Every structure is written in structure tokens, then in C-alpha cells.
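This report refers to the structure that appears directly beneath it.
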Amino acid sequence: MARILTIEDDAVTAGEIVAELQVHGNQVDCAASGTDGLARAIAGNYDVITLDRMLPGLDGLSLVKRLREAGVRTPVLMISALSDVDERIRGLRAGGDDYMTKPFAPDEMAARIEVLLRREARQQETTLRVEDLSLDLMSRSARRGEASVELLPIEFKLLEYLMRHSGQVLTRTMIFEAVWGYRFDPGTNVIDVHMARLRRKIDAGRTPSLIRTVRGCGYVLGDAA
Amino acid sequence: MNTVPARPLGAFSDLWRSSATRLILGYGALFAAWSIVLIGAISWETARYLENVVDQILEQRVHFFTSVERARLPELLAATTSLDLRGVMSYGLFDADNRYLLGDIDQLPIDLPVDGDVHALPHGVRRLSGQHGTHTRGVALRRDADELVVVLVRDYGAVDRVGTIIRGSLLWAMSLTLIPGLLGGFLLARGPLHRVRSIEAAIEPIMRGDLRARLPTSSRHDELDMLSAIVNRMLDQIERLLGEVKGVSDSIAHDLRTPLTRLRAQLYRLQRESLDSADGALLIERCVGETDVLLDRFRALLRISELEDLHRRAGFGQVDISDILRRAHELYAPLAEDAGIAFSLQAARVPPVTADPDLLFEAITNLLSNAIKFTPAGGRVVLASGADQRGARIEVRDSGPGIAPHEREAVLQRFYRTPHGQQRPGFGLGLSIVAAIVRLHGFRLEIGANEPTGSRITILCAPEPA
């Protein structure tokens, strides 16, 4: 169970965030203003923070800056009505770890929070393993059981991302952002086709597939935690 | 000026068109016409007056000659002409039978009645001295005492010369007034023309869509400034209204998006909680799918609006087109393969262009998405780059149904779909996004036909010719 702080002045949005995160079994606290949020963020020892970009009192950008200046490394997911690329860059530069625009799908938000929560635990590994699938980052090769799997460069990148976040639900937007590095909506089927090919290669006829489709949301590799 | 010329202002023809020049020329013509009337009237009046005076003198003289004694007559007549140094006077004396007696007129002019009144002699008069005046008047009178006829003829050339002098001096005066006036007028007209050109330069960005630009005004507060101020007020209003319209459509899209997102969230929650009923789960999945379609449309609409708002060029840099093309090809190759379409990349080496790489990629993926969507299985899609004297270009060619020439404008509008597009998924917004990105870069988008079938869409990565 993770402890999450939600700093959000709009009661409806705050309610949605809290409900979604509680469904995933987290303990969620709420702060409705920037100053209150900053005080709690510094004192509360939270695992992750969701932060509205525009807040009464102290705005989100200044808040995250002060937080980092105070030496608090808690991962921050910034949520903003401003979707402009410049705004996103500004948010990440100020010290945010991820950036989402309103209105957002709660499952997407939960998936991003999950990634931020697990990030801390990640080690610098040279070989990623999920069940009998292994990915050697040095030789850039993949094996399923004894058989080696031939991957195109883009498939390798995709699999690496999935394996680094195994057991976590990854939305198509997150996958497109992380693997291709673009932040617009390419249409769902483009990503789906790539996933289908990767799945065919690593499963090689085995069932159930190592990559599961989460309906209306995204994909997960391995068992969901 | 009634119409704004589409071409740039040329130097002389515009000076000719300028309202100040026309005013000066019109005024000059009126002035000249009036001066000519005035000169004519003055010279006619003067000539008439002088003629009257001379006529009276002639009449008095002829009456005097009829009253003097016969013996003194030759002497007095001779005295008359001897005093006349310029030789404008001549006389003749005839007996009762009109026979010549003396004087330098030896024949009684036939068109001169002997009645003591001055008459014009249109044929002139022949003199012994050989002189033959053109404009002559004469008088003839019979003496009561001895029936002799005295004829006096005078050349009126002097009167004409007075008229000529008056006309000449007035013409001089007129041209001395008119020529500097016209020159000054032309010089004056050049000032406003210069300002019209600066207004034209200021209006260019407005025509290109930058409604924040305004016309320049000077501190003179003259007519042009007043006009510019009126246009500026109009632009304020247009900008405000357009902003409101855009604001309304944006906030509709934005406001609808929020409840839709919430609706989708509820459906998603329902989906997770009702796994026991397979039918219900399927139904909910369809609902989630439909909501996603709606959300995608709103996202695309807001994206276009966002792109149209972008005035910044912060993300711009030197971009390697072939690298972007390679990535786009990599992203869409599996989709094309699944659809049974041969998708090839023909990236020629082209010089780097100034662009936002992410936006350019987004534009290309929209073109590819459309091309793959509308090309039937067994067809062909080519993503190519090239360069010619116009600059670098990116091209997407397909062997689909193509876009008819009359639809090529319309497909760039939001929500427009070709008749072929009607049966397939797609939001009719892809090309609008491409158009918005291309406009933001100052590039050009060309829609043409591919050989033998299909469409060819080109992004010309060169600034629009001015």
C-alpha cells in the first residue's frame, strides 16, 4: 500500500483521483491549496504526489521547485489543463517527473502513478527477466526459454519498456511516449499492430500470452502485481 | 482608390492614381480653362473698346474733312498721313463720279457704303504704296458742297497687337502659376503614397492571419491617420469577435470533453466490476469504444485549435527530414503490412529544413494514416522526400481512390470527408491537422493526383513566395 498526496483545488477532480487511487489499494491524502500542499509534501513522507498545475496560493510549478529545493525527491505527477508542449517542458524542468493534461482518463492516471511508484525500486540491470523471457541489454538479444527471439530495433525498444515495467498496466499513450518519444495521439491501432507482432514473436504459439491486453486501457507484461 | 491592387504598388502608375495627384490635375485643368475664358474676355473687351475709340476718331475726321474748304483739303489730308508715322492711315479723294483725284487709295472700295459710318473691309483695300492691311476698317462720306467723296481707311493691326500682348502676358502668368503648382502637387502626392506603401506592408501579416498586427499611425492626425485609426478599431473588433467564436468552440469542445472523460471512467469502473456477466461486459466495452471515438474527435479539434494558436517557434530547429521519414515509416510499416499494402520509403538526401521535428512527424503520420486507410489491399503507399529549386519536399503517394480536383480545398476543412471516405473510420480531421502544422511552419501543402491512380500529397518545406 502506497501513501499518495493529491494536491488539487477542484473538488470533483480531487474526488476522481482519490477514488481511482483507492481502488488500486492506495492511501490517499488531499490538499486543496498550494501552501497546504507544500507543507504536507515536505512533512508527510509520501511515496508519490499528484499536483495540479494551477492552484490558489502557490502554483504547481513553484511548489515543485520549492519541494526539490527542500531536498524532497518524492516523484511528482503534474496534472494540468495546459496541454501545450512548452508547458509540459516547463513542468518537467521545474522538477516534475511526469505530466498529464486534463481531462484525463483515471486509469491512465493510475497507470502513470504505478510507474512512478515502482521507479524507485528499479536497479541498473544488464539483463531483464520475466518468467522465461530474458532480454540482454548489452548484446541486444532476447530469449524465450531456450529459443532466441529475433527482434527489430523498434521491437527491442518496445519489449525493453514492457519488461522494465513488467506487471504494470501501460497505456498506449505511455507506450508511444516512452518508445517512440512523441506526445500526440497516433490512433490506437498503430500501437496495437506493433504489440501484436511483438506478441507473436515472443509467444511463438504458447498460451496464455505473456503480454495481456487490458480492455479499454492498455497492456501489461507478466502478472499484474 | 476604390480597389486595393493585388500586385505590389508600382512607382509611377501609382503616383498617377493617387488622389492628391488627381485633385491637382483636375484643379489645374479647371484653372487653365477658366484662365483661357478670362483671357479671351479681357482681350475681346479691350479690342472692342479700342476699336470704338478708333472708329470715333475716324468718323470725326471724315466729318471734319467734309466741312473744310475744297482748296485746303489736299493739304489737310496730306497732314493727316504725314503725322501717321506707322502708316496705319490712308486716304483717297474721289470726284462726284467716283473718279480718283488724289491720296494713296485710287479706287473707291466697292464694299464701303458712302454713308459716313465706319465699316469693316473684309477684303482690305489696295493702296498705291502697295501695302495691303488684313484687318482694315474704313469710312466714306460725300461732301455737301462739291459732291467729292472722302475715303479714310485705317489698319487695325495695332488693336490686334494689344490683344496679343494681353493674351501673351496672361498665358505667361498662367503657366508660371500652373507649372510650379503641378510640380508641387506631385511632390505632395508622393508623401501619402509612401505612407500607403507602409500601410500595405503592415497589412500583409494581417492578411496572412496575424490579427494582432495594426496599421501604423503618425502624430499628424491627418486623413490617412484617421482612416488607419478606423481600420485599427475595426481590426480590434474583428480580433475580439474571432477570439470569442474560437473561444466558444474551444470551450464547447473542452467542456464536453470533461463529462465524456468522466463517462468513460464510470464505464471503465463498471466494466471491471461486472466481470460475471459476459453480455454486459461486451456492451460496456462497446460503450467505452464509442466514448473513445468521441474523445478522439474532441482531442483532434482542440489540437487543431491549439496549433492555430501557436505563434511560438521555440521548438524549431534544423531538422533532418530523412530521419523523420525513417521513423514514420518504421511506425506505420506493420499497419500497412497487415492491411496488405506495399509501403515503401524513398528518402533522398535533402538539406536540413527549419522546422519543429515533432510537429512535422505528426503531420507525416496523419498523411500516412489516411493513405493506408483509403488504399485497398494489394495497393501501394510511398513515403518519399526530395529537393528541387523550390526547396525540400515530403511526399505521400498512394494508389487509393484519390481526391477529385474540386474536393482538394474542401478536404482541408474540419470534418470534411470525401465520398469514398464516408464508409471508413476516420474523423475527417487528419488533413486539417496537417494543414494547421504546415501553415504554422509557413510551408505549403499541395494535393495532387498520383499516376495511374490515387493521390499525391506534398509538403513543400519552403517558405511561401511573397
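Just so we're on the same page: first chain in the C-alpha cells is A, next is B, and so on; residues restart at 1 for each chain, and ligands are numbered from 1 in the order they show up.
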
I want to know what sits within 12 Å of Met234 (chain B), based on only C-alpha atoms, with residues of the same chain fewer than 6 positions away left out; could you give that as a PyMOL selection string? chain B and resi 211-212+214-215+227-228+240-241

List every residue of chain A that has an atom at most 12 Å from any atom of chain B, giving for each one its closest atom pair and the distance in Å to one decimal, counting only C-alpha atoms, sorted by chain and then by ascending residue number, as JSON lines.
{"residue": "A:Val12", "atom": "CA", "partner": "B:Arg262", "partner_atom": "CA", "distance": 10.2}
{"residue": "A:Thr13", "atom": "CA", "partner": "B:Arg262", "partner_atom": "CA", "distance": 9.7}
{"residue": "A:Gly15", "atom": "CA", "partner": "B:Arg262", "partner_atom": "CA", "distance": 11.6}
{"residue": "A:Glu16", "atom": "CA", "partner": "B:Arg262", "partner_atom": "CA", "distance": 8.6}
{"residue": "A:Ile17", "atom": "CA", "partner": "B:Ala265", "partner_atom": "CA", "distance": 10.9}
{"residue": "A:Ala19", "atom": "CA", "partner": "B:Arg269", "partner_atom": "CA", "distance": 10.5}
{"residue": "A:Glu20", "atom": "CA", "partner": "B:Arg269", "partner_atom": "CA", "distance": 9.0}
{"residue": "A:Val23", "atom": "CA", "partner": "B:Arg269", "partner_atom": "CA", "distance": 9.5}
{"residue": "A:His24", "atom": "CA", "partner": "B:Arg269", "partner_atom": "CA", "distance": 11.7}
{"residue": "A:Ala81", "atom": "CA", "partner": "B:His254", "partner_atom": "CA", "distance": 9.7}
{"residue": "A:Leu82", "atom": "CA", "partner": "B:Glu306", "partner_atom": "CA", "distance": 10.2}
{"residue": "A:Ser83", "atom": "CA", "partner": "B:Glu306", "partner_atom": "CA", "distance": 8.6}
{"residue": "A:Asp84", "atom": "CA", "partner": "B:Glu306", "partner_atom": "CA", "distance": 7.6}
{"residue": "A:Val85", "atom": "CA", "partner": "B:Gly315", "partner_atom": "CA", "distance": 8.9}
{"residue": "A:Asp86", "atom": "CA", "partner": "B:Ala314", "partner_atom": "CA", "distance": 8.2}
{"residue": "A:Glu87", "atom": "CA", "partner": "B:Ala314", "partner_atom": "CA", "distance": 11.8}
{"residue": "A:Ile89", "atom": "CA", "partner": "B:Gly315", "partner_atom": "CA", "distance": 10.8}
{"residue": "A:Thr101", "atom": "CA", "partner": "B:Arg299", "partner_atom": "CA", "distance": 11.1}
{"residue": "A:Lys102", "atom": "CA", "partner": "B:Thr258", "partner_atom": "CA", "distance": 7.9}
{"residue": "A:Pro103", "atom": "CA", "partner": "B:Thr258", "partner_atom": "CA", "distance": 5.4}
{"residue": "A:Phe104", "atom": "CA", "partner": "B:Thr261", "partner_atom": "CA", "distance": 6.5}
{"residue": "A:Ala105", "atom": "CA", "partner": "B:Thr261", "partner_atom": "CA", "distance": 6.0}
{"residue": "A:Pro106", "atom": "CA", "partner": "B:Ala265", "partner_atom": "CA", "distance": 6.3}
{"residue": "A:Asp107", "atom": "CA", "partner": "B:Ala265", "partner_atom": "CA", "distance": 7.6}
{"residue": "A:Glu108", "atom": "CA", "partner": "B:Ala265", "partner_atom": "CA", "distance": 10.1}
{"residue": "A:Met109", "atom": "CA", "partner": "B:Ala265", "partner_atom": "CA", "distance": 11.1}
{"residue": "A:Ala110", "atom": "CA", "partner": "B:Ala265", "partner_atom": "CA", "distance": 11.7}
{"residue": "A:Leu152", "atom": "CA", "partner": "B:Glu330", "partner_atom": "CA", "distance": 9.9}
{"residue": "A:Pro153", "atom": "CA", "partner": "B:Glu330", "partner_atom": "CA", "distance": 9.7}
{"residue": "A:Ile154", "atom": "CA", "partner": "B:Glu330", "partner_atom": "CA", "distance": 7.8}
{"residue": "A:Glu155", "atom": "CA", "partner": "B:Glu330", "partner_atom": "CA", "distance": 10.3}
{"residue": "A:Leu158", "atom": "CA", "partner": "B:Leu331", "partner_atom": "CA", "distance": 11.8}
{"residue": "A:Phe176", "atom": "CA", "partner": "B:Leu331", "partner_atom": "CA", "distance": 10.0}
{"residue": "A:Glu177", "atom": "CA", "partner": "B:Asp358", "partner_atom": "CA", "distance": 11.7}
{"residue": "A:Val179", "atom": "CA", "partner": "B:Leu331", "partner_atom": "CA", "distance": 10.6}
{"residue": "A:Trp180", "atom": "CA", "partner": "B:Leu331", "partner_atom": "CA", "distance": 8.3}
{"residue": "A:Gly181", "atom": "CA", "partner": "B:Asp358", "partner_atom": "CA", "distance": 9.0}
{"residue": "A:Tyr182", "atom": "CA", "partner": "B:Asp358", "partner_atom": "CA", "distance": 6.7}
{"residue": "A:Arg183", "atom": "CA", "partner": "B:Asp358", "partner_atom": "CA", "distance": 8.3}
{"residue": "A:Phe184", "atom": "CA", "partner": "B:Glu362", "partner_atom": "CA", "distance": 7.3}
{"residue": "A:Asp185", "atom": "CA", "partner": "B:Asp296", "partner_atom": "CA", "distance": 8.2}
{"residue": "A:Pro186", "atom": "CA", "partner": "B:Thr365", "partner_atom": "CA", "distance": 7.4}
{"residue": "A:Gly187", "atom": "CA", "partner": "B:Asp296", "partner_atom": "CA", "distance": 8.3}
{"residue": "A:Thr188", "atom": "CA", "partner": "B:Asp292", "partner_atom": "CA", "distance": 9.9}
{"residue": "A:Asn189", "atom": "CA", "partner": "B:Leu335", "partner_atom": "CA", "distance": 7.8}
{"residue": "A:Val190", "atom": "CA", "partner": "B:Leu335", "partner_atom": "CA", "distance": 6.2}
{"residue": "A:Ile191", "atom": "CA", "partner": "B:Leu331", "partner_atom": "CA", "distance": 8.3}
{"residue": "A:Asp192", "atom": "CA", "partner": "B:Leu335", "partner_atom": "CA", "distance": 8.9}
{"residue": "A:Val193", "atom": "CA", "partner": "B:Leu335", "partner_atom": "CA", "distance": 5.9}
{"residue": "A:His194", "atom": "CA", "partner": "B:Pro334", "partner_atom": "CA", "distance": 6.5}
{"residue": "A:Met195", "atom": "CA", "partner": "B:Pro334", "partner_atom": "CA", "distance": 10.0}
{"residue": "A:Ala196", "atom": "CA", "partner": "B:Pro334", "partner_atom": "CA", "distance": 9.5}
{"residue": "A:Arg197", "atom": "CA", "partner": "B:Pro334", "partner_atom": "CA", "distance": 8.0}
{"residue": "A:Leu198", "atom": "CA", "partner": "B:Pro334", "partner_atom": "CA", "distance": 10.7}
{"residue": "A:Val214", "atom": "CA", "partner": "B:Arg272", "partner_atom": "CA", "distance": 10.3}
{"residue": "A:Arg215", "atom": "CA", "partner": "B:Glu285", "partner_atom": "CA", "distance": 7.6}
{"residue": "A:Gly216", "atom": "CA", "partner": "B:Val288", "partner_atom": "CA", "distance": 6.6}
{"residue": "A:Cys217", "atom": "CA", "partner": "B:Tyr268", "partner_atom": "CA", "distance": 8.7}

Skipping near chain neighbours, those fewer than 3 positions away, what residues fall within 8 Å of region 45-60 of chain B using only C-alpha atoms, listed as an mmCIF file with all heavy atoms, in the first residue's frame?
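And here is the file that came out, around-v8.cif:
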data_model
loop_
_atom_site.group_PDB
_atom_site.id
_atom_site.type_symbol
_atom_site.label_atom_id
_atom_site.label_comp_id
_atom_site.auth_asym_id
_atom_site.auth_seq_id
_atom_site.Cartn_x
_atom_site.Cartn_y
_atom_site.Cartn_z
ATOM 1 N N ALA B 41 -12.014 86.938 -72.664
ATOM 2 C CA ALA B 41 -12.949 88.024 -72.361
ATOM 3 C C ALA B 41 -12.219 89.353 -72.310
ATOM 4 O O ALA B 41 -12.655 90.356 -72.899
ATOM 5 C CB ALA B 41 -13.644 87.732 -71.034
ATOM 6 N N ILE B 42 -11.052 89.351 -71.613
ATOM 7 C CA ILE B 42 -10.301 90.607 -71.470
ATOM 8 C C ILE B 42 -9.852 91.124 -72.835
ATOM 9 O O ILE B 42 -10.060 92.298 -73.188
ATOM 10 C CB ILE B 42 -9.086 90.424 -70.533
ATOM 11 C CG1 ILE B 42 -9.573 90.226 -69.091
ATOM 12 C CG2 ILE B 42 -8.144 91.607 -70.606
ATOM 13 C CD1 ILE B 42 -8.486 89.875 -68.120
ATOM 14 N N HIS B 63 -15.930 113.689 -90.979
ATOM 15 C CA HIS B 63 -16.868 114.812 -90.915
ATOM 16 C C HIS B 63 -16.138 116.144 -91.019
ATOM 17 O O HIS B 63 -16.590 117.075 -91.673
ATOM 18 C CB HIS B 63 -17.715 114.747 -89.632
ATOM 19 C CG HIS B 63 -18.853 113.764 -89.756
ATOM 20 N ND1 HIS B 63 -18.836 112.524 -89.149
ATOM 21 C CD2 HIS B 63 -20.003 113.826 -90.464
ATOM 22 C CE1 HIS B 63 -19.927 111.868 -89.485
ATOM 23 N NE2 HIS B 63 -20.673 112.639 -90.286
ATOM 24 N N PHE B 64 -14.940 116.167 -90.369
ATOM 25 C CA PHE B 64 -14.143 117.387 -90.435
ATOM 26 C C PHE B 64 -13.746 117.697 -91.884
ATOM 27 O O PHE B 64 -13.882 118.812 -92.368
ATOM 28 C CB PHE B 64 -12.894 117.212 -89.549
ATOM 29 C CG PHE B 64 -11.844 118.265 -89.726
ATOM 30 C CD1 PHE B 64 -12.073 119.577 -89.255
ATOM 31 C CD2 PHE B 64 -10.639 117.983 -90.372
ATOM 32 C CE1 PHE B 64 -11.109 120.531 -89.432
ATOM 33 C CE2 PHE B 64 -9.682 118.967 -90.550
ATOM 34 C CZ PHE B 64 -9.908 120.247 -90.063
ATOM 35 N N GLY B 116 -20.802 107.811 -94.191
ATOM 36 C CA GLY B 116 -20.235 108.486 -93.023
ATOM 37 C C GLY B 116 -20.108 107.585 -91.810
ATOM 38 O O GLY B 116 -19.671 108.030 -90.752
ATOM 39 N N ASP B 117 -20.485 106.249 -91.941
ATOM 40 C CA ASP B 117 -20.293 105.311 -90.821
ATOM 41 C C ASP B 117 -19.056 104.452 -91.086
ATOM 42 O O ASP B 117 -18.692 104.207 -92.232
ATOM 43 C CB ASP B 117 -21.497 104.381 -90.688
ATOM 44 C CG ASP B 117 -22.688 105.123 -90.093
ATOM 45 O OD1 ASP B 117 -22.464 106.155 -89.435
ATOM 46 O OD2 ASP B 117 -23.840 104.658 -90.300
ATOM 47 N N VAL B 118 -18.422 103.997 -89.977
ATOM 48 C CA VAL B 118 -17.241 103.140 -90.116
ATOM 49 C C VAL B 118 -17.689 101.717 -90.429
ATOM 50 O O VAL B 118 -18.595 101.182 -89.783
ATOM 51 C CB VAL B 118 -16.392 103.176 -88.835
ATOM 52 C CG1 VAL B 118 -15.189 102.244 -88.958
ATOM 53 C CG2 VAL B 118 -15.922 104.589 -88.578
ATOM 54 N N GLY B 138 -12.914 101.222 -92.669
ATOM 55 C CA GLY B 138 -12.869 102.496 -93.407
ATOM 56 C C GLY B 138 -14.178 103.265 -93.310
ATOM 57 O O GLY B 138 -15.193 102.728 -92.862
ATOM 58 N N VAL B 139 -14.110 104.525 -93.723
ATOM 59 C CA VAL B 139 -15.320 105.364 -93.719
ATOM 60 C C VAL B 139 -15.296 106.231 -94.996
ATOM 61 O O VAL B 139 -14.216 106.639 -95.447
ATOM 62 C CB VAL B 139 -15.393 106.199 -92.417
ATOM 63 C CG1 VAL B 139 -14.234 107.162 -92.297
ATOM 64 C CG2 VAL B 139 -16.721 106.959 -92.308
ATOM 65 N N LEU B 152 -11.490 107.471 -95.827
ATOM 66 C CA LEU B 152 -10.418 107.255 -94.842
ATOM 67 C C LEU B 152 -10.399 105.757 -94.471
ATOM 68 O O LEU B 152 -11.447 105.167 -94.171
ATOM 69 C CB LEU B 152 -10.658 108.076 -93.577
ATOM 70 C CG LEU B 152 -10.502 109.595 -93.713
ATOM 71 C CD1 LEU B 152 -10.845 110.254 -92.378
ATOM 72 C CD2 LEU B 152 -9.083 109.952 -94.120
ATOM 73 N N TYR B 156 -6.221 98.209 -88.522
ATOM 74 C CA TYR B 156 -6.477 97.969 -87.091
ATOM 75 C C TYR B 156 -5.507 96.960 -86.450
ATOM 76 O O TYR B 156 -5.721 96.465 -85.362
ATOM 77 C CB TYR B 156 -7.913 97.473 -86.892
ATOM 78 C CG TYR B 156 -8.916 98.597 -86.846
ATOM 79 C CD1 TYR B 156 -9.017 99.484 -87.935
ATOM 80 C CD2 TYR B 156 -9.734 98.795 -85.755
ATOM 81 C CE1 TYR B 156 -9.919 100.521 -87.894
ATOM 82 C CE2 TYR B 156 -10.647 99.819 -85.712
ATOM 83 C CZ TYR B 156 -10.749 100.690 -86.791
ATOM 84 O OH TYR B 156 -11.637 101.708 -86.744
ATOM 85 N N VAL B 159 -4.573 97.346 -82.837
ATOM 86 C CA VAL B 159 -5.546 96.868 -81.848
ATOM 87 C C VAL B 159 -5.327 95.376 -81.597
ATOM 88 O O VAL B 159 -5.318 94.895 -80.468
ATOM 89 C CB VAL B 159 -6.980 97.140 -82.348
ATOM 90 C CG1 VAL B 159 -8.001 96.537 -81.398
ATOM 91 C CG2 VAL B 159 -7.203 98.623 -82.506
ATOM 92 N N ASP B 160 -5.103 94.644 -82.715
ATOM 93 C CA ASP B 160 -4.834 93.213 -82.565
ATOM 94 C C ASP B 160 -3.597 92.967 -81.729
ATOM 95 O O ASP B 160 -3.548 92.060 -80.904
ATOM 96 C CB ASP B 160 -4.609 92.563 -83.936
ATOM 97 C CG ASP B 160 -5.912 92.449 -84.707
ATOM 98 O OD1 ASP B 160 -6.970 92.649 -84.063
ATOM 99 O OD2 ASP B 160 -5.871 92.146 -85.905
ATOM 100 N N VAL B 162 -2.355 94.781 -79.380
ATOM 101 C CA VAL B 162 -2.651 94.988 -77.951
ATOM 102 C C VAL B 162 -3.250 93.702 -77.370
ATOM 103 O O VAL B 162 -2.843 93.218 -76.316
ATOM 104 C CB VAL B 162 -3.616 96.170 -77.761
ATOM 105 C CG1 VAL B 162 -4.086 96.240 -76.312
ATOM 106 C CG2 VAL B 162 -2.931 97.459 -78.146
ATOM 107 N N GLY B 163 -4.210 93.149 -78.151
ATOM 108 C CA GLY B 163 -4.844 91.892 -77.700
ATOM 109 C C GLY B 163 -3.804 90.798 -77.528
ATOM 110 O O GLY B 163 -3.808 90.068 -76.531
#

Please identify all polymer residues within 7 Å of region 129-134 of chain A, counting only C-alpha atoms, omitting same-chain residues fewer than 2 positions from it, and present them as a list in words.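 My list of contacting residues is Thr127, Asp136, Ala142, Arg143, Arg144, Gly145, Met163 and Gly222 of chain A.
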
Could the residues in this selection be written to a file with all heavy atoms, as a CSV table (one decimal), in the first residue's frame?
chain,number,residue,atom,x,y,z
A,127,THR,N,20.5,-7.5,-17.7
A,127,THR,CA,19.6,-8.5,-18.3
A,127,THR,C,18.3,-8.4,-17.6
A,127,THR,O,18.2,-8.4,-16.4
A,127,THR,CB,20.1,-9.9,-18.2
A,127,THR,OG1,21.4,-10.0,-18.7
A,127,THR,CG2,19.2,-10.9,-18.9
A,136,ASP,N,18.8,-9.3,-23.1
A,136,ASP,CA,20.1,-8.9,-22.7
A,136,ASP,C,20.4,-7.5,-23.3
A,136,ASP,O,20.4,-7.4,-24.6
A,136,ASP,CB,21.1,-9.9,-23.3
A,136,ASP,CG,22.6,-9.6,-22.9
A,136,ASP,OD1,22.9,-8.5,-22.6
A,136,ASP,OD2,23.3,-10.6,-22.8
A,142,ALA,N,17.2,-11.3,-27.3
A,142,ALA,CA,16.1,-11.8,-26.5
A,142,ALA,C,16.0,-13.3,-26.6
A,142,ALA,O,16.3,-13.8,-27.6
A,142,ALA,CB,14.8,-11.1,-26.9
A,143,ARG,N,15.7,-13.9,-25.5
A,143,ARG,CA,15.5,-15.4,-25.5
A,143,ARG,C,14.2,-15.7,-24.8
A,143,ARG,O,13.8,-15.1,-23.8
A,143,ARG,CB,16.6,-16.1,-24.8
A,143,ARG,CG,18.0,-15.9,-25.4
A,143,ARG,CD,19.0,-16.7,-24.7
A,143,ARG,NE,19.0,-18.1,-25.1
A,143,ARG,CZ,19.5,-18.5,-26.2
A,143,ARG,NH1,20.2,-17.7,-27.0
A,143,ARG,NH2,19.5,-19.8,-26.6
A,144,ARG,N,13.4,-16.6,-25.3
A,144,ARG,CA,12.3,-17.2,-24.6
A,144,ARG,C,12.6,-18.6,-24.4
A,144,ARG,O,12.6,-19.4,-25.3
A,144,ARG,CB,11.0,-17.0,-25.5
A,144,ARG,CG,9.7,-17.5,-24.9
A,144,ARG,CD,9.1,-16.5,-24.0
A,144,ARG,NE,8.2,-17.0,-23.0
A,144,ARG,CZ,6.8,-17.0,-23.2
A,144,ARG,NH1,6.3,-16.5,-24.3
A,144,ARG,NH2,6.1,-17.5,-22.3
A,145,GLY,N,12.8,-19.0,-23.1
A,145,GLY,CA,13.2,-20.3,-22.8
A,145,GLY,C,14.6,-20.6,-23.4
A,145,GLY,O,15.5,-19.8,-23.1
A,163,MET,N,9.3,-4.8,-20.3
A,163,MET,CA,9.9,-5.6,-19.3
A,163,MET,C,10.4,-4.8,-18.1
A,163,MET,O,10.3,-5.3,-17.0
A,163,MET,CB,11.1,-6.4,-19.9
A,163,MET,CG,10.6,-7.5,-20.8
A,163,MET,SD,11.9,-8.5,-21.5
A,163,MET,CE,12.3,-9.6,-20.2
A,222,GLY,N,3.6,-9.9,-18.2
A,222,GLY,CA,3.7,-10.7,-16.9
A,222,GLY,C,2.5,-10.5,-16.0
A,222,GLY,O,1.5,-9.8,-16.4

Name the residues in contact with Ala384 (chain B) at a cut-off of 7 Å, using only C-alpha atoms, excluding same-chain residues fewer than 3 positions from it; report them as a list in words. Leu345, Gln346, Ala347, Ile394, Glu395 and Val396 of chain B

Write out as a ChimeraX atom specification all residues of region 278-424 of chain B that backbone DSSP assigns to alpha helix (DSSP H). /B:278-309,321-338,357-374

Would you mind listing what lies within 8 Å of Ala70 (chain A) as a list in words, with only C-alpha atoms counted and same-chain residues fewer than 3 positions away left out? Ile42, Arg66 and Leu67 of chain A
